[in-house]
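Below is one structure, written out as structure tokens, with a few remarks after it.
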Amino acid sequence: MEKQYNPKQVEDKIYSCWIENSSFLASESSTKPPYSIVIPPPNVTGILHMGHALNNTIQDILIRYKRMDGFEALWLPGTDHAGIATQNVVEKKLALEEKNRHTLGREAFIQEVWKWKQEYHSTITKQLKKLGVSCDWDKERFTMDEGLSKAVREIFVKLYNDGLIYRGKYIINWCPRCQTALSDEEAAHQELAGKLWHFKYPFKNREGHMVVATTRPETMLGDTGIAVNPKDERYSDLIGQTVVLPLVNREIPIVADDFVDKSFGTGAVKVTPAHDPNDFHMGQRHAMEPIVVIDEAGTMCGEIPQKYIGQDRFACRKDLVEDMKALGLLEKEENHSHAVGHCYRCDTIVEPYYSDQWFVKMKPLAEGALQAALDNTITFYPKRWRKTYIDWMENTRDWCISRQIWWGHRIPVWYCQDCQETVVAVETPTKCNACHSQNLEQDNDVLDTWFSSWLWPFSTMGWPEKTDLVNKFYPTDTLVTAPEIIFFWVARMIMAGLYCTGKLPFTNIMLHGTVRDDTGKKMSKSLGNSIDPIEIIDQYGADALRFSLIMITAQGADVYLHPDTFDIGRNFANKLWNASRFLLGNIDQKVTFNTLPTTESFSAEDQWILSKLNKTIEGTRKAIDLFRLNEACHLLYDFIWHDFCDWYVEAKKADLYQNDSPDKKSNALNLCSYVLAHILKLLHPFMPYITEEIWHHLREKVSYAHITESELIMASTFPKVDISHTSDDIEEQFGLLQEIIIALRTVRSENNVPPEKRGKALIIPAKESTAQWLQSQTDLINLFVRLDETTIDSSASKPTFAGQAVVKGIQVFLELEGLIDREVEVARLTKEINHLKGVASKVKNKIENPNFVNKAPEAVVAKEKEKYQGLLTNLEQLEKNLKEMSKE
């Protein structure tokens, strides 16, 4: 083994080995029980980010674990065409070349997007492989490949024939920048500081006016009425009256509607059916015809004053307010904070727009998906997301699925140009069903990206065909995704799965948090705070990235990253490498073991490490099964770093170095190899590369029956608990021994004993049984504390010059005579105490200074207070040591 672990020399080589050995392949004909995950398909809009790294690391841990645990494990990969997002980036690319999609034409533009897809799909695949993911690449899919396109058409036609898809005029969310409709979920609301304008609308047949309040003055040009609450006594005598719409001079009625909030503004609201979803419904209730005054580009249009036609909506707003002011019809304006919809892709303010769109009726589809959560057939991790899901499903609205863009699945609807018949079909029709004319034109719109994504768990396996893949691996088992797409994707997949197959597409839903920087801001390129996972892999290695991410990520919690975060994984990898290199370096020629040494030959540390190993196996399995992957990481980290490397390997060095007893050395190698092999298997799902590399070196030196039989570790079996090797008693006894050793080491450190000097310890136990146990472990105490002698004596007296500690009622002494010069140490401690007192005094003055406390950032003040407490703790310990040292 190389002196230092170098991921760059290892990772690509190992991944190629896995591919060559078809290690990721899942067979439909296998007799093993199935376990399957479909990857949340990354968008082909660019490169992967740290959120993808977290999401795919989680999935890879689960799939490797299940594969090693005897399942035929399928992880099906693929990418999403991401309609609006991908079209946007390609349009931006074309703009740099002074081109646009309209000059190119539809077919040529789509070819440009396919070129983009090929380039970035390849990049995404390479990046996932760098991360070490064990997807079955032979089964990779794309949401617009031939098979998935057929599935999309099949489900559209089925829903249409079942009366669950319809076309109609409706108020939808419209992005003027992307020039397309958006679903409610794609138009997330953001709180903005705006204005509330109070306008006067003159009565037609009487003196005076009505005052209405609005946040969007430009839409008043499309007003068709004023509404008041029927219970609002202020306006009871005005219901049925008519006002004249300023600037347009259109007569509009005053109507009563329960929807109106008496407390908002003046209690009277203008009704603009074509430009507000609530007004649309009010307009329907009162037979008001929608009047469109803002077009697809967000510019003013229609039968409005000429000066406003062609103006941007926000420019018109400014001019219109000034015009109303000039007419004396602006009563007042006031600051007003309100939630405004924004396009989820380009962040443009969304415009409510009245147009023909295609919709899916969601209520009938939601019933089964809701019931699955109510009866806990599906399980959310963390469970708090169950309530969010249920709330959404109980309040679902029809889904607008048509998009006015070119990249995507074109809606499978054709219109006869001769008889106006509508033809909905899976295959492209050659003639009209009604008049047999061949003069058919396909609907220009494409389907919402999510309309293909909601079929992902089964369409990727060949549905609607009854393929062997569907029969073996559908339904899938686990979905790993982010909570922000619970309704976008998770809920819709459940609905589609039940509707198309009669089965839930998965039963376990693991929702992970958002990746943020160490200040709590969400990572993004625009903020300049994103960390490129590929750069981290190049610097630290994929295992370090994976382990660090998972170790700091509690189930469902957000992740806070700093570039130094990945030192956790790198240092851990180096620790494991060094321990493995030391152990294997003690084997001159290959050894063979058929079983563990006899239990009679086990030392206390042997019994202890085997018990700790099996407790770690049990805990790791339980943590993974409950999707508490960070807990599994902490268990493995503590066992490998502390129990195995710091304690067990150190304890066995004496046996490995000695040449007097070949059996003792052989037993030590046997046990160390046994534990190391189990460690590598336990850790493999989390850190696949380094464990595979060490496994290779282990098998070169050790053949261990039923343990090292697999050439590749990822083809080996995941460890199972052997209760015959678990013992709470030995763990408690050895734990006491560790505490005593740590206490003696602390005494050495606090008294500044030079490392090369060996001393004597005295331990005075309270119980005879404890004395006997400790007496049998004096060699270990001497080894770990660097002592020549340890005396266990329940009746002994305290030495005259010694450092001391108490461990669970046991007095522990390190004799200092001959180890340190008392006078020199007293002088050193006195000097150190005086120095710390001076530092503590300055810090105390600082934190008691009102100017500092009131002006400095809260975090800085807290840090100074923490520093002060640390200084006091150190001073207390030093003064205690000085007092002991000064005793004669």
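Following the order of the structure tokens, chains are lettered A, B, ..., residues in each are numbered from 1, and ligands are numbered from 1.
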Legend entry - Who sits within 9 Å of Gly51 in chain A, only C-alpha atoms, same chain under 2 positions skipped, as a PyMOL selection string: chain A and resi 48-49+53-56+482+513-515+523
Inset, instruction - Considering only C-alpha atoms, return as a PyMOL selection string whatever protein or nucleic-acid residues lie within 12 Å of Leu238 in chain A, sequence-local ones (same chain, fewer than 5 positions apart) excluded. - result: chain A and resi 203-206+208-210+226-230+232-233+243+253-256+268
Saved selection, atoms kept: C-alpha atoms, as a short mmCIF file (atom, residue, chain, number, x, y, z; two decimals), in the first residue's frame:
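Saved file again.cif follows:
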data_model
loop_
_atom_site.label_atom_id
_atom_site.label_comp_id
_atom_site.auth_asym_id
_atom_site.auth_seq_id
_atom_site.Cartn_x
_atom_site.Cartn_y
_atom_site.Cartn_z
CA PHE A 203 -71.27 57.35 -10.17
CA LYS A 204 -73.22 57.49 -13.44
CA ASN A 205 -76.59 58.71 -12.20
CA ARG A 206 -75.77 60.54 -9.00
CA GLY A 208 -70.13 61.39 -5.80
CA HIS A 209 -67.97 58.36 -6.34
CA MET A 210 -66.92 54.94 -5.06
CA ILE A 226 -67.05 46.84 -8.51
CA ALA A 227 -67.85 44.31 -5.79
CA VAL A 228 -68.81 44.84 -2.14
CA ASN A 229 -69.74 42.41 0.62
CA PRO A 230 -73.55 42.07 0.89
CA ASP A 232 -71.33 45.71 4.44
CA GLU A 233 -73.87 48.31 5.51
CA VAL A 243 -70.14 53.77 -12.05
CA PRO A 253 -72.06 47.75 -12.24
CA ILE A 254 -71.71 47.55 -8.45
CA VAL A 255 -72.40 43.96 -7.33
CA ALA A 256 -72.57 42.12 -4.02
CA ALA A 268 -65.00 47.89 -2.28
#
Inset, instruction - May I have the residues within 12 Å of Ser603 in chain A as a list in words, using only C-alpha atoms and disregarding those fewer than 2 positions away in the same chain? - result: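 Near neighbours after the sequence-gap exclusion: Pro597, Thr598, Thr599, Glu600, Ser601, Glu605, Asp606, Gln607, Trp608, Ile609, Leu610, Tyr648, Ala651, Lys652, Asp655, Lys664, Asn667, Ala668, Leu671, Ile730, Phe734, Ser776, Gln777, Asp779 and Leu780 of chain A.
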Legend entry - Selection near range 133-147 of chain A, 6 Å with only C-alpha atoms, sequence-local residues under 3 positions removed, as a list in words: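 So the residues in contact are Phe24, Leu25, Asp60, Trp75, Leu76, Pro77, Gly78, Thr79, Asp80, His81, Lys129 and Lys150 of chain A.
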Inset, instruction - Step one, run DSSP on the backbone; step two, keep only residues of range 312-345 of chain A assigned to strand (DSSP E); then write them as a VMD selection string. - result: chain A and resid 330 to 341
Those same residues, written as a short mmCIF file (atom, residue, chain, number, x, y, z; two decimals), in the first residue's frame with all heavy atoms?
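In the end it all went to part28.cif:
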data_model
loop_
_atom_site.label_atom_id
_atom_site.label_comp_id
_atom_site.auth_asym_id
_atom_site.auth_seq_id
_atom_site.Cartn_x
_atom_site.Cartn_y
_atom_site.Cartn_z
N LEU A 330 -57.24 60.22 -7.72
CA LEU A 330 -56.39 59.46 -6.79
C LEU A 330 -56.62 60.01 -5.39
O LEU A 330 -56.21 61.14 -5.08
CB LEU A 330 -54.91 59.58 -7.18
CG LEU A 330 -53.91 58.97 -6.19
CD1 LEU A 330 -54.13 57.46 -6.04
CD2 LEU A 330 -52.47 59.27 -6.62
N GLU A 331 -57.31 59.26 -4.57
CA GLU A 331 -57.58 59.74 -3.21
C GLU A 331 -56.34 59.67 -2.34
O GLU A 331 -56.03 60.60 -1.62
CB GLU A 331 -58.72 58.92 -2.57
CG GLU A 331 -59.08 59.43 -1.19
CD GLU A 331 -60.34 58.80 -0.65
OE1 GLU A 331 -61.44 59.31 -0.95
OE2 GLU A 331 -60.22 57.78 0.06
N LYS A 332 -55.63 58.55 -2.41
CA LYS A 332 -54.37 58.42 -1.64
C LYS A 332 -53.62 57.18 -2.12
O LYS A 332 -54.17 56.31 -2.80
CB LYS A 332 -54.66 58.33 -0.14
CG LYS A 332 -55.41 57.08 0.30
CD LYS A 332 -55.53 57.03 1.82
CE LYS A 332 -56.31 55.79 2.26
NZ LYS A 332 -56.39 55.66 3.74
N GLU A 333 -52.35 57.13 -1.74
CA GLU A 333 -51.56 55.91 -1.95
C GLU A 333 -50.81 55.63 -0.65
O GLU A 333 -50.42 56.55 0.06
CB GLU A 333 -50.60 56.03 -3.13
CG GLU A 333 -49.46 57.01 -2.96
CD GLU A 333 -48.52 56.98 -4.17
OE1 GLU A 333 -48.97 57.30 -5.30
OE2 GLU A 333 -47.34 56.66 -3.95
N GLU A 334 -50.64 54.33 -0.35
CA GLU A 334 -49.96 53.96 0.89
C GLU A 334 -49.08 52.74 0.66
O GLU A 334 -49.30 51.96 -0.27
CB GLU A 334 -51.00 53.68 1.99
CG GLU A 334 -52.04 52.65 1.60
CD GLU A 334 -53.19 52.59 2.61
OE1 GLU A 334 -53.13 53.32 3.61
OE2 GLU A 334 -54.13 51.81 2.38
N ASN A 335 -48.08 52.63 1.50
CA ASN A 335 -47.19 51.45 1.41
C ASN A 335 -47.97 50.19 1.77
O ASN A 335 -48.81 50.20 2.68
CB ASN A 335 -46.00 51.62 2.34
CG ASN A 335 -45.09 52.75 1.91
OD1 ASN A 335 -44.97 53.05 0.72
ND2 ASN A 335 -44.45 53.40 2.87
N HIS A 336 -47.66 49.14 1.06
CA HIS A 336 -48.41 47.89 1.26
C HIS A 336 -47.55 46.69 0.87
O HIS A 336 -47.04 46.62 -0.26
CB HIS A 336 -49.69 47.92 0.40
CG HIS A 336 -50.53 46.67 0.52
ND1 HIS A 336 -51.23 46.37 1.66
CD2 HIS A 336 -50.75 45.66 -0.36
CE1 HIS A 336 -51.88 45.23 1.47
NE2 HIS A 336 -51.60 44.78 0.25
N SER A 337 -47.36 45.77 1.79
CA SER A 337 -46.59 44.56 1.51
C SER A 337 -47.56 43.46 1.09
O SER A 337 -48.57 43.22 1.74
CB SER A 337 -45.83 44.13 2.78
OG SER A 337 -45.12 42.94 2.54
N HIS A 338 -47.23 42.78 -0.03
CA HIS A 338 -48.12 41.71 -0.50
C HIS A 338 -47.33 40.64 -1.23
O HIS A 338 -46.21 40.86 -1.68
CB HIS A 338 -49.24 42.28 -1.39
CG HIS A 338 -48.75 43.00 -2.61
ND1 HIS A 338 -49.32 42.83 -3.84
CD2 HIS A 338 -47.74 43.89 -2.79
CE1 HIS A 338 -48.68 43.59 -4.72
NE2 HIS A 338 -47.74 44.23 -4.11
N ALA A 339 -47.93 39.45 -1.32
CA ALA A 339 -47.28 38.30 -1.95
C ALA A 339 -47.57 38.30 -3.44
O ALA A 339 -48.73 38.41 -3.86
CB ALA A 339 -47.77 37.00 -1.32
N VAL A 340 -46.51 38.19 -4.23
CA VAL A 340 -46.64 38.26 -5.69
C VAL A 340 -46.00 37.02 -6.30
O VAL A 340 -44.89 36.63 -5.93
CB VAL A 340 -45.95 39.53 -6.24
CG1 VAL A 340 -46.07 39.59 -7.75
CG2 VAL A 340 -46.54 40.77 -5.60
N GLY A 341 -46.69 36.39 -7.24
CA GLY A 341 -46.17 35.20 -7.91
C GLY A 341 -44.99 35.50 -8.81
O GLY A 341 -44.97 36.52 -9.51
#
Inset, instruction - Please give the complete set of residues from range 295-480 of chain A that DSSP, run on the backbone, assigns to helix (DSSP H, G or I), formatted as number ranges by chain. - result: A: 306-308, 313-326, 363-374, 385-394, 449-453, 456-459, 468-473
Legend entry - Lys503 in chain A environment, 10 Å, only C-alpha atoms, sequence neighbours closer than 6 positions dropped, as a PyMOL selection string: chain A and resi 474-475+494-497
Written selection (all heavy atoms) as an mmCIF file, in the first residue's frame:
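As a result, result11.cif now contains:
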data_model
loop_
_atom_site.group_PDB
_atom_site.id
_atom_site.type_symbol
_atom_site.label_atom_id
_atom_site.label_comp_id
_atom_site.auth_asym_id
_atom_site.auth_seq_id
_atom_site.Cartn_x
_atom_site.Cartn_y
_atom_site.Cartn_z
ATOM 1 N N TYR A 474 -41.141 -3.141 -10.166
ATOM 2 C CA TYR A 474 -42.190 -2.170 -9.844
ATOM 3 C C TYR A 474 -43.251 -2.848 -9.002
ATOM 4 O O TYR A 474 -43.627 -3.977 -9.308
ATOM 5 C CB TYR A 474 -42.819 -1.585 -11.116
ATOM 6 C CG TYR A 474 -43.842 -0.513 -10.795
ATOM 7 C CD1 TYR A 474 -43.433 0.798 -10.565
ATOM 8 C CD2 TYR A 474 -45.195 -0.812 -10.672
ATOM 9 C CE1 TYR A 474 -44.355 1.781 -10.231
ATOM 10 C CE2 TYR A 474 -46.125 0.159 -10.332
ATOM 11 C CZ TYR A 474 -45.696 1.459 -10.114
ATOM 12 O OH TYR A 474 -46.605 2.439 -9.773
ATOM 13 N N PRO A 475 -43.734 -2.207 -7.947
ATOM 14 C CA PRO A 475 -43.388 -0.865 -7.458
ATOM 15 C C PRO A 475 -41.943 -0.785 -6.933
ATOM 16 O O PRO A 475 -41.387 -1.784 -6.501
ATOM 17 C CB PRO A 475 -44.370 -0.631 -6.321
ATOM 18 C CG PRO A 475 -45.472 -1.639 -6.511
ATOM 19 C CD PRO A 475 -44.817 -2.813 -7.134
ATOM 20 N N ILE A 494 -47.479 9.532 -7.158
ATOM 21 C CA ILE A 494 -48.368 8.612 -6.426
ATOM 22 C C ILE A 494 -49.722 8.527 -7.132
ATOM 23 O O ILE A 494 -50.276 7.437 -7.321
ATOM 24 C CB ILE A 494 -48.516 9.073 -4.964
ATOM 25 C CG1 ILE A 494 -47.170 8.925 -4.236
ATOM 26 C CG2 ILE A 494 -49.600 8.267 -4.254
ATOM 27 C CD1 ILE A 494 -47.139 9.538 -2.852
ATOM 28 N N MET A 495 -50.259 9.675 -7.555
ATOM 29 C CA MET A 495 -51.521 9.683 -8.287
ATOM 30 C C MET A 495 -51.418 8.892 -9.585
ATOM 31 O O MET A 495 -52.287 8.066 -9.907
ATOM 32 C CB MET A 495 -51.943 11.123 -8.590
ATOM 33 C CG MET A 495 -52.352 11.934 -7.386
ATOM 34 S SD MET A 495 -52.990 13.556 -7.896
ATOM 35 C CE MET A 495 -51.912 14.647 -7.004
ATOM 36 N N ALA A 496 -50.348 9.155 -10.342
ATOM 37 C CA ALA A 496 -50.175 8.482 -11.631
ATOM 38 C C ALA A 496 -49.968 6.987 -11.447
ATOM 39 O O ALA A 496 -50.490 6.174 -12.222
ATOM 40 C CB ALA A 496 -48.990 9.092 -12.384
ATOM 41 N N GLY A 497 -49.189 6.617 -10.416
ATOM 42 C CA GLY A 497 -48.949 5.203 -10.163
ATOM 43 C C GLY A 497 -50.248 4.456 -9.892
ATOM 44 O O GLY A 497 -50.502 3.384 -10.452
#
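Taking CA of Leu583 in chain A as the reference point, CA of Gln733 in chain A is found at 26.2 Å.
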Legend entry - All residues 12 Å or closer to range 742-744 of chain A, only C-alpha atoms, same chain fewer than 2 positions away omitted, as an NGL selection string: :A and (646-647 or 735-740 or 746-751 or 753 or 759-763 or 781-787 or 790 or 802-808 or 810-816)
Those selected residues, please, written with C-alpha atoms and delivered as a PDB file, in the first residue's frame.
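out-v8.pdb was written with the following content:
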ATOM      1  CA  ASP A 646      -6.996   4.382  18.800  1.00  0.00           C
ATOM      2  CA  TRP A 647      -7.597   1.498  21.186  1.00  0.00           C
ATOM      3  CA  GLY A 735     -14.998   1.136  29.476  1.00  0.00           C
ATOM      4  CA  LEU A 736     -13.835   1.557  33.070  1.00  0.00           C
ATOM      5  CA  LEU A 737     -10.309   0.614  32.041  1.00  0.00           C
ATOM      6  CA  GLN A 738     -10.411   3.221  29.268  1.00  0.00           C
ATOM      7  CA  GLU A 739     -11.558   5.922  31.693  1.00  0.00           C
ATOM      8  CA  ILE A 740      -8.684   5.115  34.046  1.00  0.00           C
ATOM      9  CA  THR A 746      -4.673  13.654  31.467  1.00  0.00           C
ATOM     10  CA  VAL A 747      -2.612  13.802  34.659  1.00  0.00           C
ATOM     11  CA  ARG A 748       0.563  13.359  32.557  1.00  0.00           C
ATOM     12  CA  SER A 749      -0.508  16.151  30.216  1.00  0.00           C
ATOM     13  CA  GLU A 750      -1.626  18.571  32.936  1.00  0.00           C
ATOM     14  CA  ASN A 751       1.631  18.113  34.812  1.00  0.00           C
ATOM     15  CA  VAL A 753       5.421  15.161  31.981  1.00  0.00           C
ATOM     16  CA  GLY A 759       6.623   6.480  35.493  1.00  0.00           C
ATOM     17  CA  LYS A 760       4.593   4.536  38.012  1.00  0.00           C
ATOM     18  CA  ALA A 761       0.867   4.529  38.729  1.00  0.00           C
ATOM     19  CA  LEU A 762      -1.070   3.562  41.806  1.00  0.00           C
ATOM     20  CA  ILE A 763      -4.749   2.628  41.568  1.00  0.00           C
ATOM     21  CA  ILE A 781      -2.407   0.429  31.367  1.00  0.00           C
ATOM     22  CA  ASN A 782       1.397   0.525  31.164  1.00  0.00           C
ATOM     23  CA  LEU A 783       1.267   0.401  27.359  1.00  0.00           C
ATOM     24  CA  PHE A 784      -1.222   3.240  26.918  1.00  0.00           C
ATOM     25  CA  VAL A 785       0.097   5.546  29.662  1.00  0.00           C
ATOM     26  CA  ARG A 786       3.808   4.852  29.048  1.00  0.00           C
ATOM     27  CA  LEU A 787       4.485   3.438  32.508  1.00  0.00           C
ATOM     28  CA  THR A 790       1.082  -0.012  37.757  1.00  0.00           C
ATOM     29  CA  ALA A 802       1.670  12.612  42.655  1.00  0.00           C
ATOM     30  CA  GLY A 803      -0.983  13.828  40.252  1.00  0.00           C
ATOM     31  CA  GLN A 804      -4.369  12.339  40.960  1.00  0.00           C
ATOM     32  CA  ALA A 805      -7.876  11.738  39.583  1.00  0.00           C
ATOM     33  CA  VAL A 806     -10.988   9.882  40.663  1.00  0.00           C
ATOM     34  CA  VAL A 807     -12.807   7.569  38.260  1.00  0.00           C
ATOM     35  CA  LYS A 808     -16.133   6.186  39.489  1.00  0.00           C
ATOM     36  CA  ILE A 810     -11.514   4.649  42.146  1.00  0.00           C
ATOM     37  CA  GLN A 811      -8.502   6.768  43.172  1.00  0.00           C
ATOM     38  CA  VAL A 812      -5.887   7.013  40.445  1.00  0.00           C
ATOM     39  CA  PHE A 813      -2.371   8.404  41.053  1.00  0.00           C
ATOM     40  CA  LEU A 814       0.575   9.102  38.772  1.00  0.00           C
ATOM     41  CA  GLU A 815       3.755   9.364  40.831  1.00  0.00           C
ATOM     42  CA  LEU A 816       5.600  12.477  39.688  1.00  0.00           C
TER      43      LEU A 816
END
Inset, instruction - Could you tell me how far CA of Val10 in chain A lies from CA of Ile47 in chain A, in Å and to one decimal? - result: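 That distance, rounded to one decimal, is 23.6 Å.
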Inset, instruction - Measuring atom to atom with only C-alpha atoms, identify which of A:Pro42, A:Pro246, A:Gly302, A:Gly132 is nearest to Tyr15 in chain A. - result: A:Gly132
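The environment of Arg250 in chain A within 12 Å, counting only C-alpha atoms and disregarding residues fewer than 3 places along the same chain, consists of Tyr201, Pro202, Phe203, Lys204, Met220, Leu221, Gly222, Asp223, Thr224, Gly225, Thr242, Val243, Val244, Leu245, Pro246, Leu247, Pro253, Ile291, Glu303, Ile304 and Pro305 of chain A.
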Legend entry - Among listed residues A:Pro277, A:Gly168, A:Gly569, A:Gly70, nearest Pro33 in chain A (using only C-alpha atoms): A:Gly70
Inset, instruction - Could you check how far CA of His725 in chain A sits from CA of Ser611 in chain A, in Å to one decimal? - result: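 CA of His725 in chain A sits 5.3 Å away from CA of Ser611 in chain A.
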